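J.: This is data01.pdb, which holds PDB, C-alpha atoms and all ligand atoms:
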MODEL        1
ATOM      1  CA  MET P   1      15.870  -7.624   2.996  1.00  0.00           C
ATOM      2  CA  LEU P   2      13.829 -10.072   0.924  1.00  0.00           C
ATOM      3  CA  ILE P   3      10.852  -8.799  -1.071  1.00  0.00           C
ATOM      4  CA  ARG P   4       8.366 -11.356  -2.383  1.00  0.00           C
ATOM      5  CA  LYS P   5       4.721 -11.945  -3.206  1.00  0.00           C
ATOM      6  CA  LEU P   6       2.800 -13.132  -0.143  1.00  0.00           C
ATOM      7  CA  GLU P   7       1.034 -16.490  -0.177  1.00  0.00           C
ATOM      8  CA  LYS P   8      -1.729 -18.179   1.799  1.00  0.00           C
ATOM      9  CA  LYS P   9       0.815 -19.484   4.327  1.00  0.00           C
ATOM     10  CA  ASP P  10       1.742 -15.860   5.176  1.00  0.00           C
ATOM     11  CA  ALA P  11      -1.771 -14.955   6.400  1.00  0.00           C
ATOM     12  CA  ALA P  12      -1.059 -15.074  10.154  1.00  0.00           C
ATOM     13  CA  GLU P  13       2.165 -13.067   9.805  1.00  0.00           C
ATOM     14  CA  LEU P  14       0.391 -10.550   7.560  1.00  0.00           C
ATOM     15  CA  LYS P  15      -2.412 -10.110  10.095  1.00  0.00           C
ATOM     16  CA  ARG P  16       0.140  -9.491  12.881  1.00  0.00           C
ATOM     17  CA  CYS P  17       1.941  -6.958  10.686  1.00  0.00           C
ATOM     18  CA  ARG P  18      -1.310  -5.190   9.735  1.00  0.00           C
ATOM     19  CA  LEU P  19      -2.272  -4.893  13.405  1.00  0.00           C
ATOM     20  CA  ARG P  20       1.186  -3.500  14.201  1.00  0.00           C
ATOM     21  CA  ALA P  21       0.760  -1.012  11.335  1.00  0.00           C
ATOM     22  CA  LEU P  22      -2.524   0.169  12.819  1.00  0.00           C
ATOM     23  CA  CYS P  23      -0.888   0.640  16.231  1.00  0.00           C
ATOM     24  CA  GLU P  24       2.066   2.536  14.762  1.00  0.00           C
ATOM     25  CA  SER P  25       0.238   4.626  12.168  1.00  0.00           C
ATOM     26  CA  PRO P  26      -3.514   4.664  12.957  1.00  0.00           C
ATOM     27  CA  ASP P  27      -4.012   7.993  11.154  1.00  0.00           C
ATOM     28  CA  ALA P  28      -2.638   6.701   7.832  1.00  0.00           C
ATOM     29  CA  PHE P  29      -5.450   4.161   7.303  1.00  0.00           C
ATOM     30  CA  LEU P  30      -9.223   4.214   7.043  1.00  0.00           C
ATOM     31  CA  VAL P  31      -9.664   0.731   8.525  1.00  0.00           C
ATOM     32  CA  THR P  32      -9.446   0.458  12.333  1.00  0.00           C
ATOM     33  CA  HIS P  33      -7.429  -1.862  14.566  1.00  0.00           C
ATOM     34  CA  GLY P  34     -10.692  -3.394  15.823  1.00  0.00           C
ATOM     35  CA  GLU P  35     -11.924  -4.155  12.296  1.00  0.00           C
ATOM     36  CA  VAL P  36      -8.706  -5.938  11.326  1.00  0.00           C
ATOM     37  CA  SER P  37      -8.536  -7.704  14.672  1.00  0.00           C
ATOM     38  CA  ASP P  38     -12.087  -9.055  14.172  1.00  0.00           C
ATOM     39  CA  THR P  39     -11.461 -10.209  10.603  1.00  0.00           C
ATOM     40  CA  PRO P  40     -11.117 -14.014  10.497  1.00  0.00           C
ATOM     41  CA  LEU P  41      -7.836 -15.369   9.195  1.00  0.00           C
ATOM     42  CA  ALA P  42      -9.806 -17.223   6.504  1.00  0.00           C
ATOM     43  CA  ALA P  43     -10.783 -13.876   4.955  1.00  0.00           C
ATOM     44  CA  LEU P  44      -7.139 -12.881   4.649  1.00  0.00           C
ATOM     45  CA  GLU P  45      -6.252 -16.330   3.291  1.00  0.00           C
ATOM     46  CA  ALA P  46      -8.984 -15.883   0.674  1.00  0.00           C
ATOM     47  CA  GLU P  47      -7.443 -12.549  -0.376  1.00  0.00           C
ATOM     48  CA  LEU P  48      -4.022 -14.182  -0.650  1.00  0.00           C
ATOM     49  CA  VAL P  49      -5.301 -16.727  -3.190  1.00  0.00           C
ATOM     50  CA  ASP P  50      -7.502 -14.254  -5.097  1.00  0.00           C
ATOM     51  CA  ASP P  51      -6.109 -13.740  -8.639  1.00  0.00           C
ATOM     52  CA  ASP P  52      -7.204 -10.088  -8.588  1.00  0.00           C
ATOM     53  CA  ILE P  53      -5.421  -9.271  -5.317  1.00  0.00           C
ATOM     54  CA  CYS P  54      -1.686  -9.269  -4.836  1.00  0.00           C
ATOM     55  CA  TYR P  55       0.238  -8.588  -1.622  1.00  0.00           C
ATOM     56  CA  VAL P  56       3.975  -8.070  -1.605  1.00  0.00           C
ATOM     57  CA  GLY P  57       5.955  -8.197   1.623  1.00  0.00           C
ATOM     58  CA  ALA P  58       9.450  -7.221   2.765  1.00  0.00           C
ATOM     59  CA  PHE P  59      11.123  -9.604   5.204  1.00  0.00           C
ATOM     60  CA  VAL P  60      14.020  -8.871   7.549  1.00  0.00           C
ATOM     61  CA  ASP P  61      15.519 -11.884   9.348  1.00  0.00           C
ATOM     62  CA  GLY P  62      12.451 -13.894   8.328  1.00  0.00           C
ATOM     63  CA  ALA P  63       9.925 -11.438   9.834  1.00  0.00           C
ATOM     64  CA  LEU P  64       7.492  -9.366   7.781  1.00  0.00           C
ATOM     65  CA  ALA P  65       8.511  -5.700   8.122  1.00  0.00           C
ATOM     66  CA  GLY P  66       6.501  -4.043   5.350  1.00  0.00           C
ATOM     67  CA  PHE P  67       3.742  -4.824   2.873  1.00  0.00           C
ATOM     68  CA  MET P  68       1.538  -3.432   0.099  1.00  0.00           C
ATOM     69  CA  ARG P  69      -1.574  -4.659  -1.675  1.00  0.00           C
ATOM     70  CA  LEU P  70      -2.706  -4.355  -5.296  1.00  0.00           C
ATOM     71  CA  VAL P  71      -6.400  -4.785  -6.109  1.00  0.00           C
ATOM     72  CA  ARG P  72      -7.480  -5.200  -9.721  1.00  0.00           C
ATOM     73  CA  PHE P  73     -10.935  -3.912 -10.670  1.00  0.00           C
ATOM     74  CA  PRO P  74     -13.356  -6.726 -11.573  1.00  0.00           C
ATOM     75  CA  ARG P  75     -15.455  -5.169 -14.370  1.00  0.00           C
ATOM     76  CA  LEU P  76     -14.314  -5.971 -17.910  1.00  0.00           C
ATOM     77  CA  ALA P  77     -14.081  -2.307 -18.829  1.00  0.00           C
ATOM     78  CA  ARG P  78     -11.882  -1.603 -15.778  1.00  0.00           C
ATOM     79  CA  ARG P  79      -9.664  -4.667 -15.672  1.00  0.00           C
ATOM     80  CA  HIS P  80      -6.722  -2.689 -17.023  1.00  0.00           C
ATOM     81  CA  VAL P  81      -6.699  -0.661 -13.784  1.00  0.00           C
ATOM     82  CA  ALA P  82      -5.593  -1.673 -10.289  1.00  0.00           C
ATOM     83  CA  GLU P  83      -5.467   0.237  -7.008  1.00  0.00           C
ATOM     84  CA  VAL P  84      -2.534   0.292  -4.601  1.00  0.00           C
ATOM     85  CA  ARG P  85      -3.746  -0.057  -0.997  1.00  0.00           C
ATOM     86  CA  SER P  86      -2.540  -0.997   2.501  1.00  0.00           C
ATOM     87  CA  VAL P  87       0.918   0.533   2.209  1.00  0.00           C
ATOM     88  CA  HIS P  88       3.056   0.139   5.324  1.00  0.00           C
ATOM     89  CA  VAL P  89       6.657  -0.120   6.471  1.00  0.00           C
ATOM     90  CA  SER P  90       7.345  -0.807  10.154  1.00  0.00           C
ATOM     91  CA  ALA P  91       8.660   2.286  11.943  1.00  0.00           C
ATOM     92  CA  ALA P  92      12.081   0.718  12.597  1.00  0.00           C
ATOM     93  CA  TYR P  93      12.751   0.258   8.857  1.00  0.00           C
ATOM     94  CA  ARG P  94      11.509   3.531   7.386  1.00  0.00           C
ATOM     95  CA  GLY P  95      13.728   5.777   5.319  1.00  0.00           C
ATOM     96  CA  GLN P  96      15.882   2.873   4.088  1.00  0.00           C
ATOM     97  CA  GLY P  97      14.258   2.211   0.717  1.00  0.00           C
ATOM     98  CA  MET P  98      11.892  -0.557   1.815  1.00  0.00           C
ATOM     99  CA  GLY P  99       8.763   1.326   0.693  1.00  0.00           C
ATOM    100  CA  ALA P 100      10.294   2.046  -2.710  1.00  0.00           C
ATOM    101  CA  GLY P 101      11.462  -1.573  -3.032  1.00  0.00           C
ATOM    102  CA  LEU P 102       7.962  -2.861  -2.312  1.00  0.00           C
ATOM    103  CA  LEU P 103       6.321  -0.424  -4.711  1.00  0.00           C
ATOM    104  CA  HIS P 104       8.771  -1.242  -7.525  1.00  0.00           C
ATOM    105  CA  ARG P 105       7.982  -4.958  -7.084  1.00  0.00           C
ATOM    106  CA  LEU P 106       4.231  -4.258  -7.092  1.00  0.00           C
ATOM    107  CA  ILE P 107       4.609  -2.220 -10.295  1.00  0.00           C
ATOM    108  CA  GLU P 108       6.598  -5.070 -11.889  1.00  0.00           C
ATOM    109  CA  LEU P 109       3.891  -7.606 -10.956  1.00  0.00           C
ATOM    110  CA  ALA P 110       1.173  -5.274 -12.286  1.00  0.00           C
ATOM    111  CA  ARG P 111       2.988  -5.020 -15.638  1.00  0.00           C
ATOM    112  CA  GLN P 112       3.318  -8.812 -15.799  1.00  0.00           C
ATOM    113  CA  ALA P 113      -0.431  -9.119 -15.184  1.00  0.00           C
ATOM    114  CA  GLY P 114      -1.135  -6.828 -18.147  1.00  0.00           C
ATOM    115  CA  ILE P 115      -2.383  -3.934 -16.030  1.00  0.00           C
ATOM    116  CA  ARG P 116      -2.133  -0.581 -17.787  1.00  0.00           C
ATOM    117  CA  SER P 117      -2.636   1.912 -15.023  1.00  0.00           C
ATOM    118  CA  LEU P 118      -2.275   2.082 -11.250  1.00  0.00           C
ATOM    119  CA  ILE P 119      -4.186   4.459  -9.044  1.00  0.00           C
ATOM    120  CA  LEU P 120      -4.148   5.266  -5.339  1.00  0.00           C
ATOM    121  CA  ALA P 121      -5.528   7.717  -2.812  1.00  0.00           C
ATOM    122  CA  VAL P 122      -3.539   9.143   0.099  1.00  0.00           C
ATOM    123  CA  LEU P 123      -4.403  11.588   2.850  1.00  0.00           C
ATOM    124  CA  ALA P 124      -3.174  14.943   1.574  1.00  0.00           C
ATOM    125  CA  ASP P 125      -1.145  15.602   4.742  1.00  0.00           C
ATOM    126  CA  ASN P 126       0.848  12.335   4.478  1.00  0.00           C
ATOM    127  CA  VAL P 127       4.141  13.806   3.264  1.00  0.00           C
ATOM    128  CA  ALA P 128       6.201  10.580   3.473  1.00  0.00           C
ATOM    129  CA  ALA P 129       3.722   8.487   1.474  1.00  0.00           C
ATOM    130  CA  ARG P 130       3.248  11.181  -1.167  1.00  0.00           C
ATOM    131  CA  ARG P 131       7.030  11.443  -1.609  1.00  0.00           C
ATOM    132  CA  LEU P 132       7.248   7.667  -1.965  1.00  0.00           C
ATOM    133  CA  TYR P 133       4.571   7.598  -4.693  1.00  0.00           C
ATOM    134  CA  GLU P 134       6.049  10.573  -6.543  1.00  0.00           C
ATOM    135  CA  SER P 135       9.557   9.085  -6.405  1.00  0.00           C
ATOM    136  CA  CYS P 136       8.166   5.939  -8.091  1.00  0.00           C
ATOM    137  CA  GLY P 137       6.598   7.949 -10.918  1.00  0.00           C
ATOM    138  CA  PHE P 138       2.996   8.449  -9.725  1.00  0.00           C
ATOM    139  CA  ARG P 139       1.435  11.750 -10.851  1.00  0.00           C
ATOM    140  CA  LEU P 140      -1.151  13.744  -8.943  1.00  0.00           C
ATOM    141  CA  TYR P 141      -4.375  13.891 -10.991  1.00  0.00           C
ATOM    142  CA  GLY P 142      -6.788  15.341  -8.481  1.00  0.00           C
ATOM    143  CA  VAL P 143      -7.806  16.094  -4.928  1.00  0.00           C
ATOM    144  CA  GLU P 144     -10.987  14.925  -3.268  1.00  0.00           C
ATOM    145  CA  PRO P 145     -11.915  17.657  -0.812  1.00  0.00           C
ATOM    146  CA  CYS P 146     -12.969  16.703   2.724  1.00  0.00           C
ATOM    147  CA  ALA P 147     -12.668  13.024   1.797  1.00  0.00           C
ATOM    148  CA  VAL P 148     -12.043  11.632   5.258  1.00  0.00           C
ATOM    149  CA  ARG P 149     -13.504  12.584   8.601  1.00  0.00           C
ATOM    150  CA  LYS P 150     -10.903  13.026  11.364  1.00  0.00           C
ATOM    151  CA  GLY P 151     -12.059  14.163  14.793  1.00  0.00           C
ATOM    152  CA  ASP P 152     -14.087  17.342  14.335  1.00  0.00           C
ATOM    153  CA  GLY P 153     -12.764  18.059  10.866  1.00  0.00           C
ATOM    154  CA  TYR P 154     -12.084  16.611   7.435  1.00  0.00           C
ATOM    155  CA  ILE P 155      -8.950  15.870   5.430  1.00  0.00           C
ATOM    156  CA  ASP P 156      -8.554  15.970   1.644  1.00  0.00           C
ATOM    157  CA  GLN P 157      -7.339  12.945  -0.281  1.00  0.00           C
ATOM    158  CA  ALA P 158      -4.675  13.323  -2.964  1.00  0.00           C
ATOM    159  CA  LEU P 159      -5.358  11.084  -5.983  1.00  0.00           C
ATOM    160  CA  TYR P 160      -2.410   9.623  -7.894  1.00  0.00           C
ATOM    161  CA  ALA P 161      -2.025   7.570 -11.070  1.00  0.00           C
ATOM    162  CA  LEU P 162       0.834   5.771 -12.797  1.00  0.00           C
ATOM    163  CA  ASP P 163       0.489   5.080 -16.528  1.00  0.00           C
ATOM    164  CA  LEU P 164       2.334   1.808 -17.138  1.00  0.00           C
ATOM    165  CA  ALA P 165       1.862   2.131 -20.898  1.00  0.00           C
ATOM    166  CA  ALA P 166       3.932   5.304 -20.888  1.00  0.00           C
ATOM    167  CA  GLY P 167       7.188   3.380 -20.583  1.00  0.00           C
TER     168      GLY P 167
HETATM  169  C1  LIG P 201       5.028   5.909   3.582  1.00  0.00           C
HETATM  170  C2  LIG P 201       6.010   4.796   3.964  1.00  0.00           C
HETATM  171  C3  LIG P 201       5.464   3.469   3.439  1.00  0.00           C
HETATM  172  C4  LIG P 201       7.370   5.083   3.291  1.00  0.00           C
HETATM  173  O1  LIG P 201       8.184   3.929   3.442  1.00  0.00           O
HETATM  174  P1  LIG P 201       9.783   4.049   3.537  1.00  0.00           P
HETATM  175  O2  LIG P 201      10.336   2.685   3.494  1.00  0.00           O
HETATM  176  O3  LIG P 201      10.165   4.908   4.688  1.00  0.00           O
HETATM  177  O4  LIG P 201      10.101   4.831   2.173  1.00  0.00           O
HETATM  178  P2  LIG P 201      11.504   4.840   1.393  1.00  0.00           P
HETATM  179  O5  LIG P 201      12.640   4.794   2.381  1.00  0.00           O
HETATM  180  O6  LIG P 201      11.493   3.785   0.345  1.00  0.00           O
HETATM  181  O7  LIG P 201      11.484   6.274   0.713  1.00  0.00           O
HETATM  182  C5  LIG P 201      10.794   6.497  -0.515  1.00  0.00           C
HETATM  183  C6  LIG P 201      10.838   7.991  -0.833  1.00  0.00           C
HETATM  184  O8  LIG P 201      10.058   8.704   0.129  1.00  0.00           O
HETATM  185  C7  LIG P 201      10.866   9.671   0.817  1.00  0.00           C
HETATM  186  N1  LIG P 201      10.456   9.694   2.218  1.00  0.00           N
HETATM  187  C8  LIG P 201      10.350   8.631   3.062  1.00  0.00           C
HETATM  188  N2  LIG P 201       9.962   9.052   4.281  1.00  0.00           N
HETATM  189  C9  LIG P 201       9.848  10.401   4.192  1.00  0.00           C
HETATM  190  C10 LIG P 201       9.467  11.416   5.118  1.00  0.00           C
HETATM  191  N3  LIG P 201       9.145  11.107   6.383  1.00  0.00           N
HETATM  192  N4  LIG P 201       9.407  12.690   4.682  1.00  0.00           N
HETATM  193  C11 LIG P 201       9.724  13.014   3.400  1.00  0.00           C
HETATM  194  N5  LIG P 201      10.082  12.082   2.459  1.00  0.00           N
HETATM  195  C12 LIG P 201      10.145  10.815   2.874  1.00  0.00           C
HETATM  196  C13 LIG P 201      12.294   9.178   0.643  1.00  0.00           C
HETATM  197  O9  LIG P 201      13.234  10.227   0.768  1.00  0.00           O
HETATM  198  C14 LIG P 201      12.243   8.600  -0.755  1.00  0.00           C
HETATM  199  O10 LIG P 201      12.255   9.634  -1.711  1.00  0.00           O
HETATM  200  P3  LIG P 201      13.521   9.830  -2.705  1.00  0.00           P
HETATM  201  O11 LIG P 201      13.601   8.572  -3.513  1.00  0.00           O
HETATM  202  O12 LIG P 201      13.165  11.019  -3.484  1.00  0.00           O
HETATM  203  O13 LIG P 201      14.702  10.012  -1.785  1.00  0.00           O
HETATM  204  C15 LIG P 201       6.233   4.748   5.508  1.00  0.00           C
HETATM  205  O14 LIG P 201       6.589   6.017   5.967  1.00  0.00           O
HETATM  206  C16 LIG P 201       5.013   4.286   6.282  1.00  0.00           C
HETATM  207  O15 LIG P 201       4.767   3.090   6.432  1.00  0.00           O
HETATM  208  N6  LIG P 201       4.205   5.248   6.815  1.00  0.00           N
HETATM  209  C17 LIG P 201       3.042   4.909   7.640  1.00  0.00           C
HETATM  210  C18 LIG P 201       1.926   4.264   6.839  1.00  0.00           C
HETATM  211  C19 LIG P 201       1.484   5.126   5.675  1.00  0.00           C
HETATM  212  O16 LIG P 201       1.490   6.342   5.729  1.00  0.00           O
HETATM  213  N7  LIG P 201       1.041   4.435   4.598  1.00  0.00           N
HETATM  214  C20 LIG P 201       0.542   5.093   3.408  1.00  0.00           C
HETATM  215  C21 LIG P 201      -0.947   5.114   3.417  1.00  0.00           C
HETATM  216  S1  LIG P 201      -1.541   5.777   1.858  1.00  0.00           S
ENDMDL
END
Output the file's structure as structure tokens, nothing else.
Ligand SMILES: CC(C)(COP(=O)(O)OP(=O)(O)OC[C@H]1O[C@@H](n2cnc3c(N)ncnc32)[C@H](O)[C@@H]1OP(=O)(O)O)[C@@H](O)C(=O)NCCC(=O)NCCS
T.:
Amino acid sequence: MLIRKLEKKDAAELKRCRLRALCESPDAFLVTHGEVSDTPLAALEAELVDDDICYVGAFVDGALAGFMRLVRFPRLARRHVAEVRSVHVSAAYRGQGMGAGLLHRLIELARQAGIRSLILAVLADNVAARRLYESCGFRLYGVEPCAVRKGDGYIDQALYALDLAAG
């Protein structure tokens, strides 16, 4: 397994992997398959060269099998904070440390960029993702009730933070 920062040349592979993620785990994401499918490749390429956005990917035999995205807040007063988004490991590779490997690399890159704290939101019923975040040191700091509409009901979002200044 090779874990590295994704570049502009990875856009097509990333789009394929994101679409596969939405087929495999549609309930884990707020964005829909249709929305990603309709997004032009140029938009993804623009994200991949944006200094405030960082994707890391895990490759197996040259194919992208997992990815995560870090988005730094633009306002001066918030530039020390970045949000972890778009977390996915292909079903065939789960439970083998790929998620943790990706998150450790993202944390390392955040530190290098001078970011002080990482935040993320996860559907409260997503046990695997919550375990991943907690195993990498993220702490629960709140719950947004009824944050996401699902079918006839609502699901809470668990809010996590990692203080990179703490050591
Ligand atoms: C969440 C996800 C990224 C985890 O990736 P992964 O490669 O399987 O995770 P890892 O193998 O690195 O495991 C990391 C930790 O999570 C735990 N974990 C992984 N899957 C688990 C599961 N199904 N149930 C309970 N714990 C689980 C592992 O035991 C490990 O904890 P430990 O270090 O205490 O042993 C993966 O399940 C996934 O892509 N899910 C669908 C998309 C998703 O939910 N994304 C998150 C949106 S916020």
J.: At a cut-off of 6 Å and counting only C-alpha atoms and all ligand atoms, what residues surround ligand LIG 201 (chain P)? Please answer as a ChimeraX atom specification.
T.: /P:25,28,87-90,94-100,122,127-129,131-132,135
J.: Pick from P:Arg79, P:Arg139, P:Arg85, P:Lys9: nearest to Phe29 in chain P, with all atoms listed in the file counted?
T.: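 Comparing P:Arg79, P:Arg139, P:Arg85, P:Lys9 against Phe29 in chain P, the winner is P:Arg85.
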J.: Around range 135-154 of chain P, with edges along x, y and z and 4 Å added on all six sides, what centre and edge lengths do you get, in Å to one decimal, as lines of an AutoDock Vina configuration file?
T.:
center_x = -2.3
center_y = 12.0
center_z = 1.9
size_x = 31.6
size_y = 20.1
size_z = 33.8
J.: Point out the residue among P:Leu19, P:Leu30, P:Ala113, P:Ala124 with the least atom-to-atom distance to Asp52 in chain P, counting all atoms listed in the file.
T.: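 Closest candidate: P:Ala113.
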J.: Which is closer to Ala121 in chain P than all the others in P:Cys146, P:Leu103, P:Ala77, P:Val84, using all atoms listed in the file?
T.: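 Looking only at the distances to Ala121 in chain P, the closest residue turns out to be P:Val84.
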J.: Please write range 39-102 of chain P of the preceding block to a file containing C-alpha atoms, as a PDB file, in the first residue's frame?
T.:
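Ended up saving to out-v3.pdb:
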ATOM      1  CA  THR P  39     -19.208  17.659 -11.435  1.00  0.00           C
ATOM      2  CA  PRO P  40     -16.756  18.482 -14.249  1.00  0.00           C
ATOM      3  CA  LEU P  41     -13.279  17.035 -13.925  1.00  0.00           C
ATOM      4  CA  ALA P  42     -11.913  20.595 -14.059  1.00  0.00           C
ATOM      5  CA  ALA P  43     -13.567  21.325 -10.700  1.00  0.00           C
ATOM      6  CA  LEU P  44     -11.771  18.394  -9.105  1.00  0.00           C
ATOM      7  CA  GLU P  45      -8.503  19.408 -10.785  1.00  0.00           C
ATOM      8  CA  ALA P  46      -8.959  22.895  -9.321  1.00  0.00           C
ATOM      9  CA  GLU P  47      -9.364  21.387  -5.834  1.00  0.00           C
ATOM     10  CA  LEU P  48      -6.211  19.323  -6.329  1.00  0.00           C
ATOM     11  CA  VAL P  49      -4.115  22.448  -6.968  1.00  0.00           C
ATOM     12  CA  ASP P  50      -5.807  24.569  -4.280  1.00  0.00           C
ATOM     13  CA  ASP P  51      -3.301  25.353  -1.476  1.00  0.00           C
ATOM     14  CA  ASP P  52      -6.089  25.187   1.121  1.00  0.00           C
ATOM     15  CA  ILE P  53      -7.293  21.725   0.069  1.00  0.00           C
ATOM     16  CA  CYS P  54      -5.308  18.544   0.431  1.00  0.00           C
ATOM     17  CA  TYR P  55      -6.318  15.042  -0.668  1.00  0.00           C
ATOM     18  CA  VAL P  56      -4.370  11.984   0.377  1.00  0.00           C
ATOM     19  CA  GLY P  57      -4.890   8.649  -1.344  1.00  0.00           C
ATOM     20  CA  ALA P  58      -3.975   5.017  -0.674  1.00  0.00           C
ATOM     21  CA  PHE P  59      -2.947   2.980  -3.710  1.00  0.00           C
ATOM     22  CA  VAL P  60      -2.919  -0.802  -4.067  1.00  0.00           C
ATOM     23  CA  ASP P  61      -1.279  -2.171  -7.230  1.00  0.00           C
ATOM     24  CA  GLY P  62      -1.412   1.340  -8.698  1.00  0.00           C
ATOM     25  CA  ALA P  63      -5.179   1.786  -8.163  1.00  0.00           C
ATOM     26  CA  LEU P  64      -6.700   4.281  -5.737  1.00  0.00           C
ATOM     27  CA  ALA P  65      -8.380   2.301  -2.934  1.00  0.00           C
ATOM     28  CA  GLY P  66      -9.009   4.987  -0.315  1.00  0.00           C
ATOM     29  CA  PHE P  67      -8.854   8.749   0.110  1.00  0.00           C
ATOM     30  CA  MET P  68      -9.448  11.658   2.493  1.00  0.00           C
ATOM     31  CA  ARG P  69      -9.637  15.417   2.082  1.00  0.00           C
ATOM     32  CA  LEU P  70      -8.491  18.267   4.329  1.00  0.00           C
ATOM     33  CA  VAL P  71     -10.022  21.718   3.845  1.00  0.00           C
ATOM     34  CA  ARG P  72      -8.436  24.718   5.540  1.00  0.00           C
ATOM     35  CA  PHE P  73     -10.734  27.596   6.508  1.00  0.00           C
ATOM     36  CA  PRO P  74     -10.078  30.753   4.461  1.00  0.00           C
ATOM     37  CA  ARG P  75     -10.690  33.550   7.003  1.00  0.00           C
ATOM     38  CA  LEU P  76      -7.582  34.885   8.745  1.00  0.00           C
ATOM     39  CA  ALA P  77      -9.038  34.231  12.177  1.00  0.00           C
ATOM     40  CA  ARG P  78      -9.804  30.600  11.244  1.00  0.00           C
ATOM     41  CA  ARG P  79      -6.765  29.645   9.201  1.00  0.00           C
ATOM     42  CA  HIS P  80      -5.379  27.585  12.070  1.00  0.00           C
ATOM     43  CA  VAL P  81      -8.323  25.182  11.663  1.00  0.00           C
ATOM     44  CA  ALA P  82      -9.009  22.615   8.942  1.00  0.00           C
ATOM     45  CA  GLU P  83     -11.846  20.141   8.436  1.00  0.00           C
ATOM     46  CA  VAL P  84     -11.441  16.480   7.524  1.00  0.00           C
ATOM     47  CA  ARG P  85     -13.966  15.475   4.841  1.00  0.00           C
ATOM     48  CA  SER P  86     -14.636  12.810   2.191  1.00  0.00           C
ATOM     49  CA  VAL P  87     -13.267   9.870   4.158  1.00  0.00           C
ATOM     50  CA  HIS P  88     -13.475   6.548   2.327  1.00  0.00           C
ATOM     51  CA  VAL P  89     -11.789   3.167   2.058  1.00  0.00           C
ATOM     52  CA  SER P  90     -13.018   0.730  -0.600  1.00  0.00           C
ATOM     53  CA  ALA P  91     -14.992  -2.144   0.927  1.00  0.00           C
ATOM     54  CA  ALA P  92     -12.390  -4.752  -0.083  1.00  0.00           C
ATOM     55  CA  TYR P  93      -9.652  -3.030   1.963  1.00  0.00           C
ATOM     56  CA  ARG P  94     -11.467  -2.117   5.171  1.00  0.00           C
ATOM     57  CA  GLY P  95     -10.275  -3.282   8.556  1.00  0.00           C
ATOM     58  CA  GLN P  96      -6.626  -3.473   7.443  1.00  0.00           C
ATOM     59  CA  GLY P  97      -5.360  -0.120   8.705  1.00  0.00           C
ATOM     60  CA  MET P  98      -5.804   1.849   5.481  1.00  0.00           C
ATOM     61  CA  GLY P  99      -8.152   4.409   7.072  1.00  0.00           C
ATOM     62  CA  ALA P 100      -5.759   4.951   9.974  1.00  0.00           C
ATOM     63  CA  GLY P 101      -2.798   5.205   7.580  1.00  0.00           C
ATOM     64  CA  LEU P 102      -4.568   7.870   5.532  1.00  0.00           C
TER      65      LEU P 102
END
